[in-house]
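Asker: Handing you a structure now.
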Amino acid sequence: MNWFHCYRPRPYAGLRLFCFPHAGGSASFYRSWHGDAPHSVEVRAVQYPGHGDHRAAPLVDDAVHLAKLVTDAMAPLLDRPVALFGHSMGALIAYEVARVLEARGRGVTHLFASGRHAPHEHRPGDTHARSDDELVDELVRLGGVDRELMDDPDIRELALPAVRNDYRVDETYRHRPGGVLACPVTALLGSDDPEVTAGQAARWGELTRDRFAVRVMEGDHFYLVPRQGDVIAELSRAVATAWPSTP
């Protein structure tokens, strides 16, 4: 199983940026990032089991276990500095991957957590246990899908099992106390995100002993789609010292 999609390989890039999709999302969500990132960055988009072209692989419903599987698969790609970007549920998985990497003695250049409250702030939820109609209502509310598309029975049958699983991953997660991260962390969010406030995003700062910043951009939960250029520019500024220029 190929865990990481790379639409624009850059063998001389100084840094690999691993991108983690939101609940129900796939690696293709970051397709345009591969070409738009600086030439000194190689983007690797994570494909979770049971999603996209890995739809036949068994779903994994535990965030910590999923993070360990991703980290194991990353081993051959750790020959250069690594940064992690995750959106929504992806921010949680990226955080747990950073914990595993640091526990194994492999540092992370930067963790970017987008569109999610801090992992140690428990917010109970039951979206994963709701009916299909209610699950679709939630997806539409967040702005990640088109209502007309999700009214198609065939699309629902194809998409909702992975979506429901991902909500289960997020909503049943319990933070394990322990040491804080050694890497810098940046929390990003949309100004009108119904899921997280700037104050909640600021709590990510409690999980690192290095630099921390909050960046608010205009938009909703999926602000990073219309503001992609701004997001990539922010990532570039945050880790400029780890992205040496290339010919």
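Note on naming: chains are A, B, ... as they come in the structure tokens, residues start from 1 per chain, ligands start from 1 in the order shown.
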Region 27-217 of chain A: which residues are strand (DSSP E or B) by DSSP, as a PyMOL selection string?
Answerer: chain A and resi 41-46+82-87+110-114+181+185-190+208+212-217
Asker: Take the selection from the previous step and output its residues with C-alpha atoms, as an mmCIF file, in the first residue's frame.
Answerer:
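Okay, part22.cif is ready:
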```
data_model
loop_
_atom_site.group_PDB
_atom_site.id
_atom_site.type_symbol
_atom_site.label_atom_id
_atom_site.label_comp_id
_atom_site.auth_asym_id
_atom_site.auth_seq_id
_atom_site.Cartn_x
_atom_site.Cartn_y
_atom_site.Cartn_z
ATOM 1 C CA VAL A 41 9.648 21.436 -0.765
ATOM 2 C CA GLU A 42 8.375 18.013 -1.758
ATOM 3 C CA VAL A 43 4.755 17.469 -0.781
ATOM 4 C CA ARG A 44 3.640 14.007 0.322
ATOM 5 C CA ALA A 45 -0.119 13.718 0.815
ATOM 6 C CA VAL A 46 -1.229 10.981 3.199
ATOM 7 C CA VAL A 82 10.163 16.781 7.753
ATOM 8 C CA ALA A 83 7.241 19.122 8.441
ATOM 9 C CA LEU A 84 3.650 18.065 9.067
ATOM 10 C CA PHE A 85 0.423 19.814 8.037
ATOM 11 C CA GLY A 86 -2.990 18.493 9.025
ATOM 12 C CA HIS A 87 -6.465 19.917 8.532
ATOM 13 C CA HIS A 110 7.325 22.158 12.243
ATOM 14 C CA LEU A 111 3.770 21.050 12.981
ATOM 15 C CA PHE A 112 0.935 22.976 11.323
ATOM 16 C CA ALA A 113 -2.475 22.290 12.859
ATOM 17 C CA SER A 114 -5.385 23.634 10.826
ATOM 18 C CA LEU A 181 6.521 18.505 21.592
ATOM 19 C CA VAL A 185 3.724 24.638 16.199
ATOM 20 C CA THR A 186 1.468 26.920 14.183
ATOM 21 C CA ALA A 187 -2.316 26.734 14.521
ATOM 22 C CA LEU A 188 -4.305 27.988 11.521
ATOM 23 C CA LEU A 189 -8.034 28.560 11.192
ATOM 24 C CA GLY A 190 -10.697 30.399 9.235
ATOM 25 C CA THR A 208 5.045 22.573 22.581
ATOM 26 C CA PHE A 212 4.022 28.881 18.756
ATOM 27 C CA ALA A 213 1.760 31.082 16.657
ATOM 28 C CA VAL A 214 -1.903 31.346 15.676
ATOM 29 C CA ARG A 215 -2.801 32.467 12.173
ATOM 30 C CA VAL A 216 -6.392 33.434 11.336
ATOM 31 C CA MET A 217 -7.398 33.736 7.680
#
```
Asker: Assign secondary structure with DSSP using the backbone only, and return the residues of region 5-246 of chain A in helix (DSSP H, G or I) as a PDB file with C-alpha atoms, in the first residue's frame.
Answerer:
```
ATOM      1  CA  ALA A  27      -4.764  12.621  -0.582  1.00  0.00           C
ATOM      2  CA  SER A  28      -6.229  14.301  -3.663  1.00  0.00           C
ATOM      3  CA  PHE A  29      -7.394  17.193  -1.453  1.00  0.00           C
ATOM      4  CA  TYR A  30      -3.789  18.421  -1.601  1.00  0.00           C
ATOM      5  CA  TRP A  33      -0.167  21.853  -3.334  1.00  0.00           C
ATOM      6  CA  HIS A  34       2.455  19.685  -5.027  1.00  0.00           C
ATOM      7  CA  GLY A  35       3.019  22.189  -7.783  1.00  0.00           C
ATOM      8  CA  ASP A  36       2.345  25.368  -5.797  1.00  0.00           C
ATOM      9  CA  GLY A  52      -9.452   7.155  -2.281  1.00  0.00           C
ATOM     10  CA  ASP A  53      -7.422   4.596  -4.198  1.00  0.00           C
ATOM     11  CA  HIS A  54      -6.942   2.649  -0.947  1.00  0.00           C
ATOM     12  CA  ALA A  63      -6.063   7.872  15.990  1.00  0.00           C
ATOM     13  CA  VAL A  64      -3.021   6.612  17.892  1.00  0.00           C
ATOM     14  CA  HIS A  65      -2.881   3.342  15.958  1.00  0.00           C
ATOM     15  CA  LEU A  66      -3.351   5.148  12.650  1.00  0.00           C
ATOM     16  CA  ALA A  67      -0.526   7.549  13.541  1.00  0.00           C
ATOM     17  CA  LYS A  68       1.817   4.664  14.283  1.00  0.00           C
ATOM     18  CA  LEU A  69       0.998   3.022  10.956  1.00  0.00           C
ATOM     19  CA  VAL A  70       1.648   6.281   9.106  1.00  0.00           C
ATOM     20  CA  THR A  71       4.906   6.833  10.979  1.00  0.00           C
ATOM     21  CA  ASP A  72       6.111   3.317  10.177  1.00  0.00           C
ATOM     22  CA  ALA A  73       5.378   3.938   6.491  1.00  0.00           C
ATOM     23  CA  MET A  74       7.301   7.236   6.612  1.00  0.00           C
ATOM     24  CA  ALA A  75      10.581   5.507   7.554  1.00  0.00           C
ATOM     25  CA  PRO A  76      12.102   5.416   4.016  1.00  0.00           C
ATOM     26  CA  LEU A  77      11.224   9.106   3.539  1.00  0.00           C
ATOM     27  CA  MET A  89      -9.058  15.465  11.835  1.00  0.00           C
ATOM     28  CA  GLY A  90      -5.782  15.520   9.926  1.00  0.00           C
ATOM     29  CA  ALA A  91      -4.370  17.951  12.496  1.00  0.00           C
ATOM     30  CA  LEU A  92      -4.992  15.356  15.190  1.00  0.00           C
ATOM     31  CA  ILE A  93      -3.275  12.583  13.222  1.00  0.00           C
ATOM     32  CA  ALA A  94      -0.350  14.871  12.351  1.00  0.00           C
ATOM     33  CA  TYR A  95       0.064  15.708  16.050  1.00  0.00           C
ATOM     34  CA  GLU A  96       0.137  12.044  17.022  1.00  0.00           C
ATOM     35  CA  VAL A  97       2.640  11.337  14.239  1.00  0.00           C
ATOM     36  CA  ALA A  98       4.850  14.118  15.598  1.00  0.00           C
ATOM     37  CA  ARG A  99       4.676  12.500  19.049  1.00  0.00           C
ATOM     38  CA  VAL A 100       5.683   9.115  17.655  1.00  0.00           C
ATOM     39  CA  LEU A 101       8.538  10.573  15.615  1.00  0.00           C
ATOM     40  CA  GLU A 102       9.928  12.467  18.594  1.00  0.00           C
ATOM     41  CA  ALA A 103       9.601   9.402  20.814  1.00  0.00           C
ATOM     42  CA  THR A 127     -21.756  12.512  14.785  1.00  0.00           C
ATOM     43  CA  HIS A 128     -20.273   9.118  13.935  1.00  0.00           C
ATOM     44  CA  ALA A 129     -23.329   7.415  15.465  1.00  0.00           C
ATOM     45  CA  ASP A 132     -26.746   8.957   7.140  1.00  0.00           C
ATOM     46  CA  ASP A 133     -28.957  12.027   6.608  1.00  0.00           C
ATOM     47  CA  GLU A 134     -27.608  13.683   9.746  1.00  0.00           C
ATOM     48  CA  LEU A 135     -24.046  12.850   8.768  1.00  0.00           C
ATOM     49  CA  VAL A 136     -24.573  14.453   5.361  1.00  0.00           C
ATOM     50  CA  ASP A 137     -26.131  17.508   7.045  1.00  0.00           C
ATOM     51  CA  GLU A 138     -22.950  17.903   9.093  1.00  0.00           C
ATOM     52  CA  LEU A 139     -20.714  17.665   6.034  1.00  0.00           C
ATOM     53  CA  VAL A 140     -22.784  20.278   4.212  1.00  0.00           C
ATOM     54  CA  ARG A 141     -22.769  22.552   7.269  1.00  0.00           C
ATOM     55  CA  LEU A 142     -18.984  22.567   7.281  1.00  0.00           C
ATOM     56  CA  ARG A 147     -25.570  18.694  -1.051  1.00  0.00           C
ATOM     57  CA  GLU A 148     -26.678  17.610  -4.523  1.00  0.00           C
ATOM     58  CA  LEU A 149     -23.739  15.238  -4.816  1.00  0.00           C
ATOM     59  CA  MET A 150     -24.403  13.659  -1.428  1.00  0.00           C
ATOM     60  CA  PRO A 153     -27.439   7.050  -3.219  1.00  0.00           C
ATOM     61  CA  ASP A 154     -24.411   5.579  -5.000  1.00  0.00           C
ATOM     62  CA  ILE A 155     -22.142   8.392  -3.777  1.00  0.00           C
ATOM     63  CA  ARG A 156     -23.435   7.948  -0.243  1.00  0.00           C
ATOM     64  CA  GLU A 157     -22.772   4.226  -0.308  1.00  0.00           C
ATOM     65  CA  LEU A 158     -19.255   4.872  -1.532  1.00  0.00           C
ATOM     66  CA  ALA A 159     -18.314   7.799   0.701  1.00  0.00           C
ATOM     67  CA  LEU A 160     -20.144   7.591   4.015  1.00  0.00           C
ATOM     68  CA  PRO A 161     -18.424   4.520   5.551  1.00  0.00           C
ATOM     69  CA  ALA A 162     -15.049   6.300   5.471  1.00  0.00           C
ATOM     70  CA  VAL A 163     -16.576   9.578   6.653  1.00  0.00           C
ATOM     71  CA  ARG A 164     -18.315   7.873   9.573  1.00  0.00           C
ATOM     72  CA  ASN A 165     -15.124   6.056  10.496  1.00  0.00           C
ATOM     73  CA  ASP A 166     -13.127   9.287  10.492  1.00  0.00           C
ATOM     74  CA  TYR A 167     -15.640  11.008  12.739  1.00  0.00           C
ATOM     75  CA  ARG A 168     -15.324   8.034  15.074  1.00  0.00           C
ATOM     76  CA  VAL A 169     -11.534   8.458  15.068  1.00  0.00           C
ATOM     77  CA  ASP A 170     -11.871  12.109  16.021  1.00  0.00           C
ATOM     78  CA  GLU A 171     -14.737  11.885  18.487  1.00  0.00           C
ATOM     79  CA  ALA A 198      -8.961  31.512  17.915  1.00  0.00           C
ATOM     80  CA  GLY A 199      -8.972  30.955  21.680  1.00  0.00           C
ATOM     81  CA  GLN A 200      -9.377  27.214  21.255  1.00  0.00           C
ATOM     82  CA  ALA A 201      -6.687  27.129  18.572  1.00  0.00           C
ATOM     83  CA  ALA A 202      -4.355  28.980  20.937  1.00  0.00           C
ATOM     84  CA  ARG A 203      -4.359  25.982  23.264  1.00  0.00           C
ATOM     85  CA  TRP A 204      -2.137  24.162  20.770  1.00  0.00           C
ATOM     86  CA  GLY A 205       0.587  26.328  22.277  1.00  0.00           C
ATOM     87  CA  GLU A 206       0.355  24.298  25.487  1.00  0.00           C
ATOM     88  CA  LEU A 207       1.612  21.256  23.584  1.00  0.00           C
ATOM     89  CA  GLN A 228      -4.352  28.148  -0.547  1.00  0.00           C
ATOM     90  CA  GLY A 229      -1.713  30.621  -1.688  1.00  0.00           C
ATOM     91  CA  ASP A 230      -1.795  32.402   1.656  1.00  0.00           C
ATOM     92  CA  VAL A 231      -1.558  29.123   3.559  1.00  0.00           C
ATOM     93  CA  ILE A 232       1.457  27.930   1.561  1.00  0.00           C
ATOM     94  CA  ALA A 233       3.091  31.342   1.973  1.00  0.00           C
ATOM     95  CA  GLU A 234       2.592  31.100   5.748  1.00  0.00           C
ATOM     96  CA  LEU A 235       4.126  27.629   5.806  1.00  0.00           C
ATOM     97  CA  SER A 236       7.053  28.903   3.756  1.00  0.00           C
ATOM     98  CA  ARG A 237       7.712  31.777   6.154  1.00  0.00           C
ATOM     99  CA  ALA A 238       7.408  29.586   9.232  1.00  0.00           C
ATOM    100  CA  ALA A 240      12.156  29.227   5.800  1.00  0.00           C
ATOM    101  CA  THR A 241      15.415  28.103   7.440  1.00  0.00           C
ATOM    102  CA  ALA A 242      14.543  24.462   6.700  1.00  0.00           C
TER     103      ALA A 242
END
```
Asker: Looking at only C-alpha atoms, which of A:Arg16, A:His22, A:Arg123, A:Arg130 is the one that sits closest to Val239 (chain A)?
Answerer: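 Smallest separation from Val239 (chain A) among the options: A:Arg16.
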Asker: Which residue, A:Thr109, A:Ser32, A:Asn2, A:Gln47, has the smallest gap to Pro226 (chain A) when you use only C-alpha atoms?
Answerer: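 Comparing A:Thr109, A:Ser32, A:Asn2, A:Gln47 against Pro226 (chain A), the winner is A:Ser32.
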Asker: Just the number, please: distance in Å from CA of Asp79 (chain A) to CA of Gly179 (chain A), one decimal.
Answerer: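 We find that CA of Asp79 (chain A) and CA of Gly179 (chain A) lie 25.2 Å from each other.
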Asker: Report the distance between CA of Gly25 (chain A) and CA of Tyr48 (chain A) in Å, rounded to one decimal place.
Answerer: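 Those two atoms sit 8.8 Å apart.
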